[in-house]
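Asker: Structure supplied as structure.cif; contents: mmCIF, C-alpha atoms.
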```
data_coords
#
loop_
_atom_site.label_atom_id
_atom_site.label_comp_id
_atom_site.auth_asym_id
_atom_site.auth_seq_id
_atom_site.Cartn_x
_atom_site.Cartn_y
_atom_site.Cartn_z
CA MET A 1 -2.51 3.92 -4.37
CA PHE A 2 -1.04 1.17 -2.19
CA THR A 3 2.41 1.48 -0.61
CA GLN A 4 4.04 -0.86 1.88
CA ARG A 5 7.55 -1.02 3.30
CA LEU A 6 8.78 -4.56 3.84
CA SER A 7 11.81 -6.15 5.43
CA ALA A 8 14.54 -6.94 2.91
CA THR A 9 14.30 -10.68 3.59
CA PRO A 10 12.91 -13.65 1.65
CA ARG A 11 9.85 -13.47 3.93
CA GLY A 12 9.36 -9.80 3.01
CA ALA A 13 9.57 -10.69 -0.69
CA ARG A 14 6.92 -13.42 -0.31
CA LEU A 15 4.69 -11.05 1.65
CA ALA A 16 4.98 -8.44 -1.13
CA ARG A 17 3.51 -10.90 -3.63
CA HIS A 18 0.62 -11.83 -1.33
CA LEU A 19 -0.15 -8.20 -0.51
CA ALA A 20 -0.13 -7.29 -4.21
CA VAL A 21 -2.67 -9.89 -5.31
CA HIS A 22 -4.84 -9.13 -2.27
CA GLN A 23 -4.81 -5.40 -3.10
CA LEU A 24 -5.65 -6.09 -6.75
CA HIS A 25 -8.59 -8.24 -5.64
CA ALA A 26 -9.78 -5.39 -3.38
CA TRP A 27 -9.60 -3.11 -6.43
CA GLY A 28 -11.79 -5.51 -8.45
CA ILE A 29 -9.06 -7.43 -10.28
CA PRO A 30 -9.84 -11.02 -9.25
CA TYR A 31 -7.41 -13.62 -7.98
CA GLY A 32 -6.27 -15.89 -10.80
CA SER A 33 -7.04 -13.42 -13.59
CA ASP A 34 -4.37 -12.89 -16.24
CA ALA A 35 -3.56 -9.44 -14.85
CA SER A 36 -3.38 -10.69 -11.25
CA GLU A 37 -1.12 -13.59 -12.23
CA ALA A 38 1.21 -11.34 -14.26
CA VAL A 39 1.45 -8.81 -11.41
CA ALA A 40 2.10 -11.62 -8.90
CA VAL A 41 5.08 -12.88 -10.93
CA ILE A 42 6.45 -9.37 -11.55
CA VAL A 43 6.17 -8.40 -7.88
CA ALA A 44 7.76 -11.70 -6.80
CA GLU A 45 10.71 -11.22 -9.14
CA LEU A 46 11.27 -7.53 -8.38
CA ALA A 47 10.95 -8.10 -4.62
CA ALA A 48 13.37 -11.04 -4.80
CA ASN A 49 15.83 -8.82 -6.69
CA ALA A 50 15.44 -6.04 -4.11
CA VAL A 51 16.17 -8.53 -1.34
CA THR A 52 19.03 -10.29 -3.13
CA HIS A 53 20.76 -7.50 -5.07
CA GLY A 54 19.41 -4.27 -3.57
CA ARG A 55 19.61 -5.10 0.11
CA VAL A 56 21.38 -2.68 2.42
CA PRO A 57 21.61 -4.08 5.97
CA GLY A 58 19.01 -2.46 8.22
CA ARG A 59 17.04 -0.98 5.32
CA ASP A 60 13.66 -2.08 3.99
CA PHE A 61 12.39 -2.18 0.43
CA GLU A 62 9.11 -0.65 -0.70
CA LEU A 63 6.27 -2.00 -2.82
CA GLY A 64 3.96 0.45 -4.55
CA LEU A 65 0.87 -0.32 -6.62
CA SER A 66 -1.39 2.10 -8.43
CA LEU A 67 -3.97 2.15 -11.18
CA PRO A 68 -3.14 4.77 -13.76
CA THR A 69 -5.77 4.80 -16.48
CA GLY A 70 -5.91 1.43 -18.18
CA SER A 71 -3.09 -0.35 -16.36
CA ILE A 72 -1.60 -1.56 -13.10
CA ARG A 73 1.65 0.11 -12.07
CA ILE A 74 4.09 -1.81 -9.88
CA GLU A 75 7.02 -0.08 -8.20
CA VAL A 76 9.66 -1.84 -6.12
CA SER A 77 12.26 0.42 -4.54
CA ASP A 78 15.43 -0.35 -2.62
CA THR A 79 18.21 1.77 -1.16
CA ARG A 80 21.26 0.33 -2.94
CA THR A 81 22.92 2.82 -5.27
CA GLU A 82 26.07 0.95 -6.33
CA SER A 83 24.34 -1.52 -8.62
CA SER A 84 21.55 -1.11 -11.09
CA PRO A 85 19.74 -3.79 -13.08
CA PRO A 86 19.96 -3.82 -16.87
CA LYS A 87 17.60 -1.51 -18.71
CA PRO A 88 14.64 -2.77 -20.75
CA GLY A 89 15.89 -4.44 -23.90
CA ASP A 90 19.34 -5.06 -22.37
CA VAL A 91 18.42 -8.05 -20.19
CA PRO A 92 20.81 -10.88 -21.03
CA PRO A 93 19.37 -14.33 -21.65
CA PRO A 94 19.81 -16.65 -18.67
CA CYS A 95 22.26 -19.52 -18.71
CA PRO A 96 20.15 -22.59 -19.64
CA LEU A 97 21.48 -24.61 -16.70
CA GLY A 98 21.84 -21.70 -14.29
CA GLU A 99 19.74 -21.35 -11.16
CA HIS A 100 19.51 -17.55 -11.38
CA GLY A 101 19.08 -14.83 -13.97
CA ARG A 102 15.48 -15.29 -15.07
CA GLY A 103 13.75 -12.62 -12.98
CA LEU A 104 14.08 -9.66 -15.33
CA VAL A 105 13.51 -11.94 -18.32
CA LEU A 106 10.09 -12.70 -16.80
CA VAL A 107 9.45 -9.02 -16.04
CA GLU A 108 10.33 -8.11 -19.62
CA ALA A 109 8.00 -10.82 -20.95
CA LEU A 110 5.01 -10.05 -18.69
CA ALA A 111 5.12 -6.26 -18.34
CA ASP A 112 3.83 -4.05 -21.12
CA ARG A 113 6.36 -1.42 -20.04
CA TRP A 114 9.11 -1.24 -17.45
CA GLU A 115 11.98 1.02 -16.48
CA VAL A 116 14.64 1.60 -13.84
CA LEU A 117 14.56 4.98 -12.09
CA ASP A 118 16.97 6.68 -9.72
CA ARG A 119 15.33 7.44 -6.42
CA ASP A 120 15.64 10.25 -3.91
CA PRO A 121 16.42 9.37 -1.12
CA PRO A 122 19.24 7.32 -2.59
CA GLY A 123 18.40 4.08 -4.28
CA LYS A 124 16.46 2.92 -7.29
CA THR A 125 12.95 2.01 -8.29
CA VAL A 126 12.01 -0.58 -10.87
CA ARG A 127 8.62 0.35 -12.31
CA ALA A 128 6.55 -2.01 -14.44
CA GLU A 129 3.09 -1.67 -15.92
CA VAL A 130 0.59 -4.31 -16.97
CA ASP A 131 -2.18 -3.13 -19.25
CA LEU A 132 -5.77 -3.91 -18.30
CA PRO A 133 -7.83 -4.60 -21.43
CA GLY A 134 -11.44 -3.77 -20.66
CA TRP A 135 -10.44 -1.73 -17.61
CA ARG A 136 -13.59 0.38 -17.82
CA ALA A 137 -15.62 -2.71 -16.86
CA LEU A 138 -13.72 -2.79 -13.56
CA LEU A 139 -15.25 0.55 -12.63
CA GLY A 140 -18.68 -1.09 -12.49
CA GLY A 141 -20.43 2.20 -11.83
CA ARG A 142 -18.63 2.63 -8.50
CA GLY A 143 -17.42 6.12 -9.34
CA TRP A 144 -13.87 4.87 -9.00
CA ARG A 145 -11.27 7.54 -9.58
CA THR A 146 -7.78 6.97 -10.89
CA PRO A 147 -5.26 7.22 -8.03
CA VAL A 148 -2.79 10.07 -8.14
CA ALA A 149 0.84 9.02 -8.59
CA ARG A 150 3.34 10.02 -5.92
CA ALA A 151 5.27 13.22 -6.40
CA GLY A 152 8.43 12.71 -8.40
CA HIS A 153 7.18 9.57 -10.17
#
```
In structure tokens, write the structure found in this file.
Answerer:
Amino acid sequence: MFTQRLSATPRGARLARHLAVHQLHAWGIPYGSDASEAVAVIVAELAANAVTHGRVPGRDFELGLSLPTGSIRIEVSDTRTESSPPKPGDVPPPCPLGEHGRGLVLVEALADRWEVLDRDPPGKTVRAEVDLPGWRALLGGRGWRTPVARAGH
């Protein structure tokens, strides 16, 4: 399990993406692999949304990564309770000439599953999972154990 609190700024969002791909590489999922690239885009979009739409002045957002059996789980949490993103399947198509509105379209396209969860303390978590075909090969005889998810998730 990897968890990091980051400042709710564009710099924090960029750092979230870099930390995610670095952690995946440390777990044996190489830079540039399909899974690493998908996770990088998902983290970038969710972190950007947390900074842009979920920001509460003086509050950070949180990035969580874990490896439940056969997939990579990404969680981005913020402390804003007034607004919630659309649910899976309800993401509107972006305006063709618009500069915004593609983030969750990308998450929906790249994630095998995703959901929006209420969070305690107040806020929300957007959780996405990317399946890892051939995940057993990543174990490589290292005796790697599946991380335990946080309580309440």
Asker: Could you give me the axis-aligned bounding box of stretch 61-66 of chain A, with 5 Å of padding per side, as centre plus edge lengths in Å to one decimal, as JSON?
Answerer:
```
{"center_x": 5.5, "center_y": 0.0, "center_z": -4.0, "size_x": 23.8, "size_y": 14.3, "size_z": 18.9}
```
Asker: List as a PyMOL selection string the protein and nucleic acid residues near A:Arg59, meaning an atom at most 10 Å away when only C-alpha atoms are counted, but skip any in the same chain fewer than 2 places from it.
Answerer: chain A and resi 5-8+54-57+61-62+78-80
Asker: Evaluate the PyMOL selection byres ((chain A and resi 41-46) around 7) on the structure here and hand back the selected residues as an mmCIF file with C-alpha atoms, in the coordinates of the input.
Answerer:
```
data_model
loop_
_atom_site.group_PDB
_atom_site.id
_atom_site.type_symbol
_atom_site.label_atom_id
_atom_site.label_comp_id
_atom_site.auth_asym_id
_atom_site.auth_seq_id
_atom_site.Cartn_x
_atom_site.Cartn_y
_atom_site.Cartn_z
ATOM 1 C CA ALA A 13 9.570 -10.690 -0.690
ATOM 2 C CA ARG A 14 6.920 -13.420 -0.310
ATOM 3 C CA ALA A 16 4.980 -8.440 -1.130
ATOM 4 C CA ARG A 17 3.510 -10.900 -3.630
ATOM 5 C CA GLU A 37 -1.120 -13.590 -12.230
ATOM 6 C CA ALA A 38 1.210 -11.340 -14.260
ATOM 7 C CA VAL A 39 1.450 -8.810 -11.410
ATOM 8 C CA ALA A 40 2.100 -11.620 -8.900
ATOM 9 C CA ALA A 47 10.950 -8.100 -4.620
ATOM 10 C CA ALA A 48 13.370 -11.040 -4.800
ATOM 11 C CA ASN A 49 15.830 -8.820 -6.690
ATOM 12 C CA ALA A 50 15.440 -6.040 -4.110
ATOM 13 C CA VAL A 76 9.660 -1.840 -6.120
ATOM 14 C CA GLY A 103 13.750 -12.620 -12.980
ATOM 15 C CA VAL A 107 9.450 -9.020 -16.040
#
```
Asker: Set the distance at 6 Å and use only C-alpha atoms: which residues neighbour stretch 117-130 of chain A once local chain neighbours fewer than 3 positions away are removed? I'd like the list as a list in words.
Answerer: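 Once the nearby chain positions are removed, what remains is Ser71, Ile72, Arg73, Ile74, Glu75, Val76, Ser77, Asp78, Thr79, Arg80, Thr81, Ala111, Asp112, Arg113 and Trp114 of chain A.
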Asker: Pick from A:Pro133, A:Leu110, A:Pro86, A:Trp27: nearest to A:Gly70, with all atoms listed in the file counted?
Answerer: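 For A:Gly70, the nearest of the candidates is A:Pro133.
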Asker: Counting all atoms listed in the file, which residue out of A:Gln23, A:Arg11, A:Pro30, A:Ser36 sits closest to A:Asp131?
Answerer: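 Looking only at the distances to A:Asp131, the closest residue turns out to be A:Ser36.
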Asker: For the point (13.0, -14.4, -20.4) in file coordinates, what residues are within 12 Å, counting all atoms listed in the file? Give the answer as a ChimeraX atom specification?
Answerer: /A:45,88-96,100-111
Asker: How many Å separate atom CA of A:Pro85 from atom CA of A:His53?
Answerer: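 Separating atom CA of A:Pro85 from atom CA of A:His53 is a distance of 8.9 Å.
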Asker: I need the residue nearest A:Val51 from this list: A:Ala26, A:Leu65, A:Lys87, A:Pro10. Use all atoms listed in the file for the distance.
Answerer: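 For A:Val51, the nearest of the candidates is A:Pro10.
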Asker: For atom CA of A:Val21 and atom CA of A:Val116, determine how far apart the two atoms are, in Å to one decimal place.
Answerer: 22.5 Å
Asker: Which distance in Å separates atom CA of A:Ser84 and atom CA of A:His22, to one decimal?
Answerer: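 It comes out at 29.0 Å.
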Asker: For stretch 17-47 of chain A of the block above, can you save N, CA, C and O atoms as a short mmCIF file (atom, residue, chain, number, x, y, z; two decimals), in the first residue's frame?
Answerer:
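Wrote decode.cif, looks like this:
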```cif
data_model
loop_
_atom_site.label_atom_id
_atom_site.label_comp_id
_atom_site.auth_asym_id
_atom_site.auth_seq_id
_atom_site.Cartn_x
_atom_site.Cartn_y
_atom_site.Cartn_z
N ARG A 17 1.33 12.10 -10.11
CA ARG A 17 1.57 11.25 -11.28
C ARG A 17 2.97 10.65 -11.23
O ARG A 17 3.14 9.45 -11.44
N HIS A 18 3.97 11.46 -10.93
CA HIS A 18 5.35 10.96 -10.88
C HIS A 18 5.53 9.93 -9.76
O HIS A 18 6.18 8.90 -9.96
N LEU A 19 4.95 10.20 -8.60
CA LEU A 19 5.05 9.25 -7.49
C LEU A 19 4.38 7.93 -7.84
O LEU A 19 4.88 6.86 -7.49
N ALA A 20 3.25 8.00 -8.54
CA ALA A 20 2.51 6.78 -8.89
C ALA A 20 3.34 5.88 -9.80
O ALA A 20 3.48 4.68 -9.53
N VAL A 21 3.89 6.43 -10.87
CA VAL A 21 4.64 5.57 -11.79
C VAL A 21 5.93 5.07 -11.15
O VAL A 21 6.36 3.94 -11.41
N HIS A 22 6.52 5.88 -10.27
CA HIS A 22 7.72 5.42 -9.55
C HIS A 22 7.37 4.26 -8.62
O HIS A 22 8.10 3.27 -8.55
N GLN A 23 6.24 4.38 -7.90
CA GLN A 23 5.83 3.30 -6.99
C GLN A 23 5.50 2.03 -7.77
O GLN A 23 5.89 0.93 -7.36
N LEU A 24 4.81 2.16 -8.90
CA LEU A 24 4.52 0.98 -9.71
C LEU A 24 5.81 0.30 -10.16
O LEU A 24 5.92 -0.94 -10.11
N HIS A 25 6.79 1.09 -10.58
CA HIS A 25 8.08 0.53 -10.99
C HIS A 25 8.73 -0.22 -9.82
O HIS A 25 9.26 -1.32 -10.00
N ALA A 26 8.66 0.35 -8.63
CA ALA A 26 9.22 -0.31 -7.44
C ALA A 26 8.50 -1.63 -7.15
O ALA A 26 9.10 -2.56 -6.61
N TRP A 27 7.22 -1.71 -7.53
CA TRP A 27 6.44 -2.93 -7.34
C TRP A 27 6.63 -3.92 -8.49
O TRP A 27 5.98 -4.96 -8.52
N GLY A 28 7.45 -3.58 -9.48
CA GLY A 28 7.70 -4.50 -10.58
C GLY A 28 6.86 -4.25 -11.82
O GLY A 28 6.84 -5.08 -12.73
N ILE A 29 6.16 -3.14 -11.86
CA ILE A 29 5.37 -2.77 -13.05
C ILE A 29 6.17 -1.68 -13.75
O ILE A 29 6.22 -0.55 -13.29
N PRO A 30 6.86 -2.03 -14.85
CA PRO A 30 7.85 -1.12 -15.42
C PRO A 30 7.29 0.16 -16.03
O PRO A 30 6.16 0.20 -16.52
N TYR A 31 8.13 1.20 -15.98
CA TYR A 31 7.83 2.45 -16.66
C TYR A 31 7.49 2.15 -18.11
O TYR A 31 8.12 1.31 -18.74
N GLY A 32 6.51 2.82 -18.65
CA GLY A 32 6.17 2.68 -20.06
C GLY A 32 5.31 1.48 -20.40
O GLY A 32 4.88 1.34 -21.54
N SER A 33 5.05 0.60 -19.43
CA SER A 33 4.16 -0.53 -19.71
C SER A 33 2.73 -0.01 -19.86
O SER A 33 2.41 1.10 -19.44
N ASP A 34 1.88 -0.82 -20.47
CA ASP A 34 0.48 -0.40 -20.65
C ASP A 34 -0.17 -0.04 -19.32
O ASP A 34 -0.85 0.98 -19.21
N ALA A 35 0.06 -0.87 -18.30
CA ALA A 35 -0.54 -0.61 -16.99
C ALA A 35 0.00 0.68 -16.38
O ALA A 35 -0.75 1.50 -15.86
N SER A 36 1.31 0.88 -16.46
CA SER A 36 1.92 2.09 -15.92
C SER A 36 1.39 3.34 -16.63
O SER A 36 1.07 4.35 -15.99
N GLU A 37 1.28 3.27 -17.94
CA GLU A 37 0.79 4.42 -18.71
C GLU A 37 -0.68 4.72 -18.37
O GLU A 37 -1.06 5.88 -18.22
N ALA A 38 -1.50 3.68 -18.25
CA ALA A 38 -2.91 3.88 -17.91
C ALA A 38 -3.04 4.50 -16.52
O ALA A 38 -3.80 5.46 -16.32
N VAL A 39 -2.28 3.97 -15.55
CA VAL A 39 -2.33 4.51 -14.19
C VAL A 39 -1.84 5.96 -14.18
O VAL A 39 -2.42 6.81 -13.50
N ALA A 40 -0.79 6.27 -14.94
CA ALA A 40 -0.28 7.64 -14.99
C ALA A 40 -1.35 8.62 -15.45
O ALA A 40 -1.53 9.69 -14.86
N VAL A 41 -2.09 8.25 -16.49
CA VAL A 41 -3.15 9.14 -17.01
C VAL A 41 -4.29 9.25 -15.98
O VAL A 41 -4.78 10.35 -15.71
N ILE A 42 -4.69 8.14 -15.41
CA ILE A 42 -5.79 8.16 -14.43
C ILE A 42 -5.41 9.01 -13.22
O ILE A 42 -6.19 9.86 -12.78
N VAL A 43 -4.21 8.80 -12.69
CA VAL A 43 -3.77 9.60 -11.54
C VAL A 43 -3.71 11.08 -11.91
O VAL A 43 -4.16 11.94 -11.16
N ALA A 44 -3.16 11.39 -13.08
CA ALA A 44 -3.06 12.78 -13.50
C ALA A 44 -4.43 13.43 -13.57
O ALA A 44 -4.62 14.57 -13.09
N GLU A 45 -5.40 12.74 -14.14
CA GLU A 45 -6.74 13.31 -14.29
C GLU A 45 -7.45 13.43 -12.95
O GLU A 45 -8.08 14.46 -12.66
N LEU A 46 -7.37 12.40 -12.11
CA LEU A 46 -8.04 12.47 -10.81
C LEU A 46 -7.39 13.50 -9.90
O LEU A 46 -8.09 14.21 -9.16
N ALA A 47 -6.07 13.60 -9.94
CA ALA A 47 -5.38 14.61 -9.13
C ALA A 47 -5.72 16.01 -9.61
O ALA A 47 -5.97 16.92 -8.81
#
```
